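Below is one structure, written out as structure tokens; comments come after it.
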Amino acid sequence: MIVANPLDQSVDLLKMVGKSRRAAFEEVGLHSIRDLIYYFPSKHLDRSNLVDSGKARVVVGSGYDGEITIIGKVIESETIRYFKREIFKVKFSDRIGFFEAIWFQGIKFFKDRFKPGEIYAVSAKPTLTRYGSLQFVHPDFDRFSEKENEDFRHTGKIIPFYRIPARFKKTNLGILSLRNIIYDAVTLYVTELSETLSDQIITKNKLSRIQNAVRSMHFPASENDLKSAIYRFKYEELFYLELLVAGRKHKLKSQRRGIAFNFFPEPIRNFIASLPFKLTEAQLKVLSEIRKDMEADEPMNRLLQGDVGSGKTVVSLIAMLVAITNGYQAVLMAPTEILAHQHFSTISRLLENSDLKMNILLLLGGQSKKIKDQRLKEIGNGRGQIIIGTHALFEEKVGFSNLGLVIIDEQHRFGVEQRARLIMKGLSPDVLAMTATPIPRSLTMTLYGDFDISVIDRLPEGRKKIITKLTPESKLPEVYKFILDRLKKGDQSYIVYPLIEESEKLELKAAQDHFESLQKTWLKDIRLGLIHGRMKWNEKADVMRRFAEKEFDVLISTTVIEVGIDVKDANIIVINDAFRFGLSQLHQLRGRVGRGERQGYCVLIAGEDFIRSSGDSYLNLDFLSSAEIEKNKTAIRLKSMVDFSDGFRLSEIDLKLRGPGDIFGTKQSGLPTLQFADITQDHDILVQARKDAFAIIADDPKLEKPENGVLKETLIKQYRKAKAYSQIG
């Protein structure tokens, strides 16, 4: 077989790679020399981040609580029996003194790793034992050759370290061998790499060229070379992501002719005048942005952000009225049946006091065939003007007469394909997506970069900041007394329990157990309601209706009380085992209370240990290492809930704790995942990459100009799947 490009040749052309090692490489996805060249180090070691055993002792004695790296030669190793457990200990020396590493687990794996005379870089948090020994518990370790150690100490050479998959170890392929193999690959073949960015982009941003960047990622001549290489790959990754976003946005705006709605002021003004509240300045500003989009002849694609209780529903209803007064239908899709029912009730109530008589339909999967068939008929013949529903709206048999506006609530809970299936039921309808989960700016530039953004950044007048307290389980009796005292003043309460295991029987049992226990003890003299995820939607809706009508004083729930549930006199929420909930989830739950003019309270129940650690003043994300953030995630979440009420601030913290994929479903977005860049840390690079990408698409949407040929070629080769998302070219 003839291979046109040397980089596409098999890895077994390299020295030290035989058939068994080739198989090991292929099992982890390294088939070609190109793959191996792009197998970048997981970390580098240079003299600036190294200490000796003497300095390590000083550092520990001064109270330093972080990780350090130290190089030493193995003297001896031993296995010690301590009561019923084994401890594996390795003693090292450097030119200053001695230190030791110990392991309590995985001893069989470590026993044969450390031979006297071998040199290792050991990384971990150091401690001093009661006998005065400098000790590292379960450290990371990487082996050096004698020559590498000498080069490192005398020339300042930077040493790369690579992940060693388990499959490599079976062929005796360790860090020294892998480093030598990759060194050969880079030395012999890096000049075969073709540039993946245009000369214009490279010159403008002073980027390293691809060959130099790859060489410096593996074996940098200096720290500056390594930094330049990392910057280049971060920029390139974000640039192509933004190029895809820019291409999609251009396609949506320019190649689909939308509906140019007329704005009829009288019915809209009359409706606004009939509302039992005054719209905020923030709502009016957003409505102006939506009106401008709807009057244009290109399809609206707008994302409406607003914290819990900010008034997104009434804004979306006014947009629906614009569509309906033009003779079009409007559809609102919600992620759950109870939330869809809540929207149906709220919108029906808001329209009751106006002169506008609308036919509002609710379409849900759990409805009877008779009701569903009747609703489908009215949707199809155009009698249904406002249609509210859930995933049932995707069904093939749902056909609209004249769909003009699609509103998607909590849109991040739907996949790209799901949203597209609903939108395709109209001829280029306007789209308004809504979310009560505030989205950090870095994500509005990437994951939601094809949307125009509107933000309701102020709550309605009269809303009070919810008081949030972190309370130990031992004080639950005091919490129940507080609920009873506030009930005398008219306040209702939610008591929420986390769902620990995904099991219908277990959840139902947990719900009944908590409900019955409180009925017999602390809350025996008041009226309790119960709601859980295994109820049918109409049963849930009935419980929520009865709670809103004050048939219940306290509502017990084992699931998240849905976003959008609005009970005016519910002003207390008690969240048990709060450490089991995510930060966004906790904030959404807190948003269920304090929705009127009375004071709202959120009580987070957690164990004494969590409360103690959450009180530590040092838990500031700006000053914590990634390891410390990982270790203290739960404490940071709970502390953040007490310290902050602003959803946008909390979403930034949540992004740092969990990453964008976990929160907003990047895997469903159609965009490539990021390997080098971190949008929480690389904001300045992101802004520049976005600016460059959008300017190129504005000037050359199909990348047809000669200077953009390399960009189009790279998109086709490296971003084939994501290119379908953008529809460039």
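Here's how to read the names in the structure tokens: chain A, B, ... by the order shown, residue numbers from 1 in each chain, ligand numbers from 1 in the order shown.
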
Open item on the list: Report as a list in words all protein, DNA and RNA residues lying within 7 Å of segment 227-236 of chain A, evaluated on only C-alpha atoms, omitting residues in the same chain fewer than 3 positions from it.
Closed with: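 With the cut-off at 7 Å, the set is Leu207, Ser208, Ala213, Ser216, Met217, Glu223, Asn224, Phe239, Tyr240, Phe676, Ala677, Ile685 and Ala689 of chain A.
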
Contacts of segment 555-559 of chain A at 7 Å (only C-alpha atoms; same-chain gap of 4+ positions) as a PDB file with C-alpha atoms, in the first residue's frame:
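Written output follows (around.pdb):
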```
ATOM      1  CA  SER A 493     -42.838  25.902  53.062  1.00  0.00           C
ATOM      2  CA  TYR A 494     -41.123  23.336  50.842  1.00  0.00           C
ATOM      3  CA  ILE A 495     -39.050  20.535  52.362  1.00  0.00           C
ATOM      4  CA  VAL A 496     -36.860  18.907  49.710  1.00  0.00           C
ATOM      5  CA  TYR A 497     -35.007  15.599  49.910  1.00  0.00           C
ATOM      6  CA  PRO A 498     -32.445  14.482  47.313  1.00  0.00           C
ATOM      7  CA  LEU A 499     -33.018  11.431  45.135  1.00  0.00           C
ATOM      8  CA  ALA A 511     -41.058   9.963  49.825  1.00  0.00           C
ATOM      9  CA  PHE A 515     -43.818  12.285  54.734  1.00  0.00           C
ATOM     10  CA  LEU A 528     -48.672  18.248  54.608  1.00  0.00           C
ATOM     11  CA  GLY A 529     -48.618  17.562  50.864  1.00  0.00           C
ATOM     12  CA  LEU A 530     -46.382  15.128  49.024  1.00  0.00           C
ATOM     13  CA  ILE A 531     -44.928  15.288  45.504  1.00  0.00           C
ATOM     14  CA  HIS A 532     -42.409  12.944  43.902  1.00  0.00           C
ATOM     15  CA  GLY A 533     -41.082  12.105  40.449  1.00  0.00           C
TER      16      GLY A 533
END
```

Proximity of segment 437-485 of chain A to segment 588-599 of chain A: per-residue shortest pair, 7 Å limit, only C-alpha atoms, as a tab-separated table:
```
residue	atom	partner	partner_atom	distance
A:Gly462	CA	A:Glu597	CA	5.4
A:Arg463	CA	A:Glu597	CA	5.4
A:Lys464	CA	A:Gln599	CA	5.9
A:Ile466	CA	A:Gly594	CA	6.4
```

TODO: Give me, please, the distance in Å between atom CA of Ile158 of chain A and atom CA of Gly29 of chain A, quoted to one decimal.
DONE: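 These atoms are spaced 26.6 Å apart.
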
Step one, run DSSP on the backbone; step two, keep only residues of segment 372-505 of chain A assigned to strand (DSSP E); then write them as a PDB file with N, CA, C and O atoms, in the first residue's frame.
```pdb
ATOM      1  N   ILE A 386     -52.057  29.543  20.507  1.00  0.00           N
ATOM      2  CA  ILE A 386     -50.904  29.343  21.388  1.00  0.00           C
ATOM      3  C   ILE A 386     -50.891  27.878  21.787  1.00  0.00           C
ATOM      4  O   ILE A 386     -51.845  27.382  22.382  1.00  0.00           O
ATOM      5  N   ILE A 387     -49.825  27.175  21.446  1.00  0.00           N
ATOM      6  CA  ILE A 387     -49.716  25.752  21.764  1.00  0.00           C
ATOM      7  C   ILE A 387     -48.568  25.577  22.753  1.00  0.00           C
ATOM      8  O   ILE A 387     -47.446  26.018  22.502  1.00  0.00           O
ATOM      9  N   ILE A 388     -48.875  24.960  23.869  1.00  0.00           N
ATOM     10  CA  ILE A 388     -47.880  24.745  24.926  1.00  0.00           C
ATOM     11  C   ILE A 388     -47.741  23.243  25.129  1.00  0.00           C
ATOM     12  O   ILE A 388     -48.738  22.525  25.205  1.00  0.00           O
ATOM     13  N   GLY A 389     -46.506  22.749  25.175  1.00  0.00           N
ATOM     14  CA  GLY A 389     -46.338  21.304  25.327  1.00  0.00           C
ATOM     15  C   GLY A 389     -44.923  20.911  25.688  1.00  0.00           C
ATOM     16  O   GLY A 389     -44.070  21.754  26.005  1.00  0.00           O
ATOM     17  N   LEU A 403     -47.092  28.100  11.545  1.00  0.00           N
ATOM     18  CA  LEU A 403     -46.240  28.339  12.706  1.00  0.00           C
ATOM     19  C   LEU A 403     -45.292  29.509  12.443  1.00  0.00           C
ATOM     20  O   LEU A 403     -44.512  29.480  11.497  1.00  0.00           O
ATOM     21  N   GLY A 404     -45.355  30.530  13.313  1.00  0.00           N
ATOM     22  CA  GLY A 404     -44.525  31.717  13.110  1.00  0.00           C
ATOM     23  C   GLY A 404     -43.510  31.970  14.201  1.00  0.00           C
ATOM     24  O   GLY A 404     -42.522  32.674  13.976  1.00  0.00           O
ATOM     25  N   LEU A 405     -43.729  31.422  15.404  1.00  0.00           N
ATOM     26  CA  LEU A 405     -42.825  31.679  16.525  1.00  0.00           C
ATOM     27  C   LEU A 405     -42.666  30.414  17.367  1.00  0.00           C
ATOM     28  O   LEU A 405     -43.657  29.804  17.774  1.00  0.00           O
ATOM     29  N   VAL A 406     -41.424  30.046  17.605  1.00  0.00           N
ATOM     30  CA  VAL A 406     -41.097  28.896  18.457  1.00  0.00           C
ATOM     31  C   VAL A 406     -40.376  29.420  19.692  1.00  0.00           C
ATOM     32  O   VAL A 406     -39.358  30.111  19.577  1.00  0.00           O
ATOM     33  N   ILE A 407     -40.916  29.095  20.870  1.00  0.00           N
ATOM     34  CA  ILE A 407     -40.281  29.465  22.134  1.00  0.00           C
ATOM     35  C   ILE A 407     -39.884  28.183  22.854  1.00  0.00           C
ATOM     36  O   ILE A 407     -40.702  27.276  23.024  1.00  0.00           O
ATOM     37  N   ILE A 408     -38.621  28.100  23.245  1.00  0.00           N
ATOM     38  CA  ILE A 408     -38.100  26.892  23.895  1.00  0.00           C
ATOM     39  C   ILE A 408     -37.639  27.276  25.287  1.00  0.00           C
ATOM     40  O   ILE A 408     -36.664  28.022  25.446  1.00  0.00           O
ATOM     41  N   ASP A 409     -38.350  26.782  26.303  1.00  0.00           N
ATOM     42  CA  ASP A 409     -38.012  27.115  27.685  1.00  0.00           C
ATOM     43  C   ASP A 409     -36.973  26.135  28.224  1.00  0.00           C
ATOM     44  O   ASP A 409     -37.018  24.944  27.926  1.00  0.00           O
ATOM     45  N   ASP A 430     -39.556  32.423  13.675  1.00  0.00           N
ATOM     46  CA  ASP A 430     -38.660  33.070  14.625  1.00  0.00           C
ATOM     47  C   ASP A 430     -38.477  32.143  15.824  1.00  0.00           C
ATOM     48  O   ASP A 430     -39.400  31.405  16.201  1.00  0.00           O
ATOM     49  N   VAL A 431     -37.299  32.195  16.426  1.00  0.00           N
ATOM     50  CA  VAL A 431     -36.997  31.322  17.563  1.00  0.00           C
ATOM     51  C   VAL A 431     -36.546  32.173  18.746  1.00  0.00           C
ATOM     52  O   VAL A 431     -35.645  33.003  18.627  1.00  0.00           O
ATOM     53  N   LEU A 432     -37.206  31.951  19.887  1.00  0.00           N
ATOM     54  CA  LEU A 432     -36.815  32.584  21.138  1.00  0.00           C
ATOM     55  C   LEU A 432     -36.556  31.474  22.155  1.00  0.00           C
ATOM     56  O   LEU A 432     -37.476  30.763  22.565  1.00  0.00           O
ATOM     57  N   ALA A 433     -35.295  31.292  22.504  1.00  0.00           N
ATOM     58  CA  ALA A 433     -34.928  30.308  23.526  1.00  0.00           C
ATOM     59  C   ALA A 433     -34.824  31.020  24.861  1.00  0.00           C
ATOM     60  O   ALA A 433     -34.405  32.181  24.922  1.00  0.00           O
ATOM     61  N   MET A 434     -35.231  30.334  25.937  1.00  0.00           N
ATOM     62  CA  MET A 434     -35.191  30.962  27.258  1.00  0.00           C
ATOM     63  C   MET A 434     -34.458  30.053  28.239  1.00  0.00           C
ATOM     64  O   MET A 434     -34.507  28.830  28.120  1.00  0.00           O
ATOM     65  N   THR A 435     -33.796  30.664  29.203  1.00  0.00           N
ATOM     66  CA  THR A 435     -33.169  29.885  30.265  1.00  0.00           C
ATOM     67  C   THR A 435     -33.158  30.681  31.557  1.00  0.00           C
ATOM     68  O   THR A 435     -32.897  31.882  31.563  1.00  0.00           O
ATOM     69  N   ASP A 452     -28.361  35.659  19.264  1.00  0.00           N
ATOM     70  CA  ASP A 452     -28.295  37.006  19.799  1.00  0.00           C
ATOM     71  C   ASP A 452     -28.792  36.912  21.242  1.00  0.00           C
ATOM     72  O   ASP A 452     -29.728  36.161  21.536  1.00  0.00           O
ATOM     73  N   ILE A 453     -28.184  37.651  22.141  1.00  0.00           N
ATOM     74  CA  ILE A 453     -28.451  37.477  23.569  1.00  0.00           C
ATOM     75  C   ILE A 453     -29.233  38.660  24.129  1.00  0.00           C
ATOM     76  O   ILE A 453     -28.894  39.820  23.885  1.00  0.00           O
ATOM     77  N   SER A 454     -30.287  38.344  24.889  1.00  0.00           N
ATOM     78  CA  SER A 454     -31.002  39.346  25.679  1.00  0.00           C
ATOM     79  C   SER A 454     -30.965  38.908  27.134  1.00  0.00           C
ATOM     80  O   SER A 454     -31.065  37.706  27.428  1.00  0.00           O
ATOM     81  N   VAL A 455     -30.837  39.872  28.019  1.00  0.00           N
ATOM     82  CA  VAL A 455     -30.735  39.543  29.446  1.00  0.00           C
ATOM     83  C   VAL A 455     -31.705  40.402  30.245  1.00  0.00           C
ATOM     84  O   VAL A 455     -31.695  41.635  30.130  1.00  0.00           O
ATOM     85  N   ILE A 456     -32.563  39.763  31.041  1.00  0.00           N
ATOM     86  CA  ILE A 456     -33.359  40.480  32.042  1.00  0.00           C
ATOM     87  C   ILE A 456     -32.514  40.483  33.309  1.00  0.00           C
ATOM     88  O   ILE A 456     -32.405  39.467  33.998  1.00  0.00           O
ATOM     89  N   ILE A 467     -32.819  35.128  52.278  1.00  0.00           N
ATOM     90  CA  ILE A 467     -31.839  34.842  53.331  1.00  0.00           C
ATOM     91  C   ILE A 467     -31.495  33.353  53.273  1.00  0.00           C
ATOM     92  O   ILE A 467     -32.379  32.496  53.356  1.00  0.00           O
ATOM     93  N   THR A 468     -30.205  33.052  53.087  1.00  0.00           N
ATOM     94  CA  THR A 468     -29.752  31.663  52.958  1.00  0.00           C
ATOM     95  C   THR A 468     -28.874  31.296  54.144  1.00  0.00           C
ATOM     96  O   THR A 468     -27.918  32.005  54.453  1.00  0.00           O
ATOM     97  N   LYS A 469     -29.219  30.204  54.817  1.00  0.00           N
ATOM     98  CA  LYS A 469     -28.473  29.756  55.995  1.00  0.00           C
ATOM     99  C   LYS A 469     -28.020  28.312  55.809  1.00  0.00           C
ATOM    100  O   LYS A 469     -28.761  27.484  55.265  1.00  0.00           O
ATOM    101  N   LEU A 470     -26.809  28.032  56.262  1.00  0.00           N
ATOM    102  CA  LEU A 470     -26.273  26.674  56.270  1.00  0.00           C
ATOM    103  C   LEU A 470     -26.437  26.139  57.695  1.00  0.00           C
ATOM    104  O   LEU A 470     -25.921  26.736  58.649  1.00  0.00           O
ATOM    105  N   THR A 471     -27.171  25.040  57.824  1.00  0.00           N
ATOM    106  CA  THR A 471     -27.580  24.561  59.148  1.00  0.00           C
ATOM    107  C   THR A 471     -27.261  23.087  59.316  1.00  0.00           C
ATOM    108  O   THR A 471     -27.531  22.288  58.406  1.00  0.00           O
ATOM    109  N   PRO A 472     -26.705  22.682  60.471  1.00  0.00           N
ATOM    110  CA  PRO A 472     -26.412  21.257  60.688  1.00  0.00           C
ATOM    111  C   PRO A 472     -27.672  20.434  60.921  1.00  0.00           C
ATOM    112  O   PRO A 472     -28.701  20.965  61.368  1.00  0.00           O
ATOM    113  N   GLN A 492     -45.981  29.543  53.624  1.00  0.00           N
ATOM    114  CA  GLN A 492     -45.920  28.104  53.357  1.00  0.00           C
ATOM    115  C   GLN A 492     -44.466  27.695  53.128  1.00  0.00           C
ATOM    116  O   GLN A 492     -43.599  28.544  52.898  1.00  0.00           O
ATOM    117  N   SER A 493     -44.221  26.383  53.165  1.00  0.00           N
ATOM    118  CA  SER A 493     -42.838  25.902  53.062  1.00  0.00           C
ATOM    119  C   SER A 493     -42.714  24.692  52.160  1.00  0.00           C
ATOM    120  O   SER A 493     -43.659  23.894  52.025  1.00  0.00           O
ATOM    121  N   TYR A 494     -41.530  24.568  51.524  1.00  0.00           N
ATOM    122  CA  TYR A 494     -41.123  23.336  50.842  1.00  0.00           C
ATOM    123  C   TYR A 494     -40.075  22.643  51.708  1.00  0.00           C
ATOM    124  O   TYR A 494     -39.202  23.300  52.290  1.00  0.00           O
ATOM    125  N   ILE A 495     -40.134  21.318  51.772  1.00  0.00           N
ATOM    126  CA  ILE A 495     -39.050  20.535  52.362  1.00  0.00           C
ATOM    127  C   ILE A 495     -38.604  19.534  51.302  1.00  0.00           C
ATOM    128  O   ILE A 495     -39.387  18.678  50.871  1.00  0.00           O
ATOM    129  N   VAL A 496     -37.360  19.680  50.851  1.00  0.00           N
ATOM    130  CA  VAL A 496     -36.860  18.907  49.710  1.00  0.00           C
ATOM    131  C   VAL A 496     -35.843  17.873  50.182  1.00  0.00           C
ATOM    132  O   VAL A 496     -34.966  18.181  50.991  1.00  0.00           O
TER     133      VAL A 496
END
```

Task: Using only C-alpha atoms: which of A:Phe414, A:Pro438, A:Gln329, A:Ile87 has the shortest distance to Gly384 of chain A - done: A:Gln329
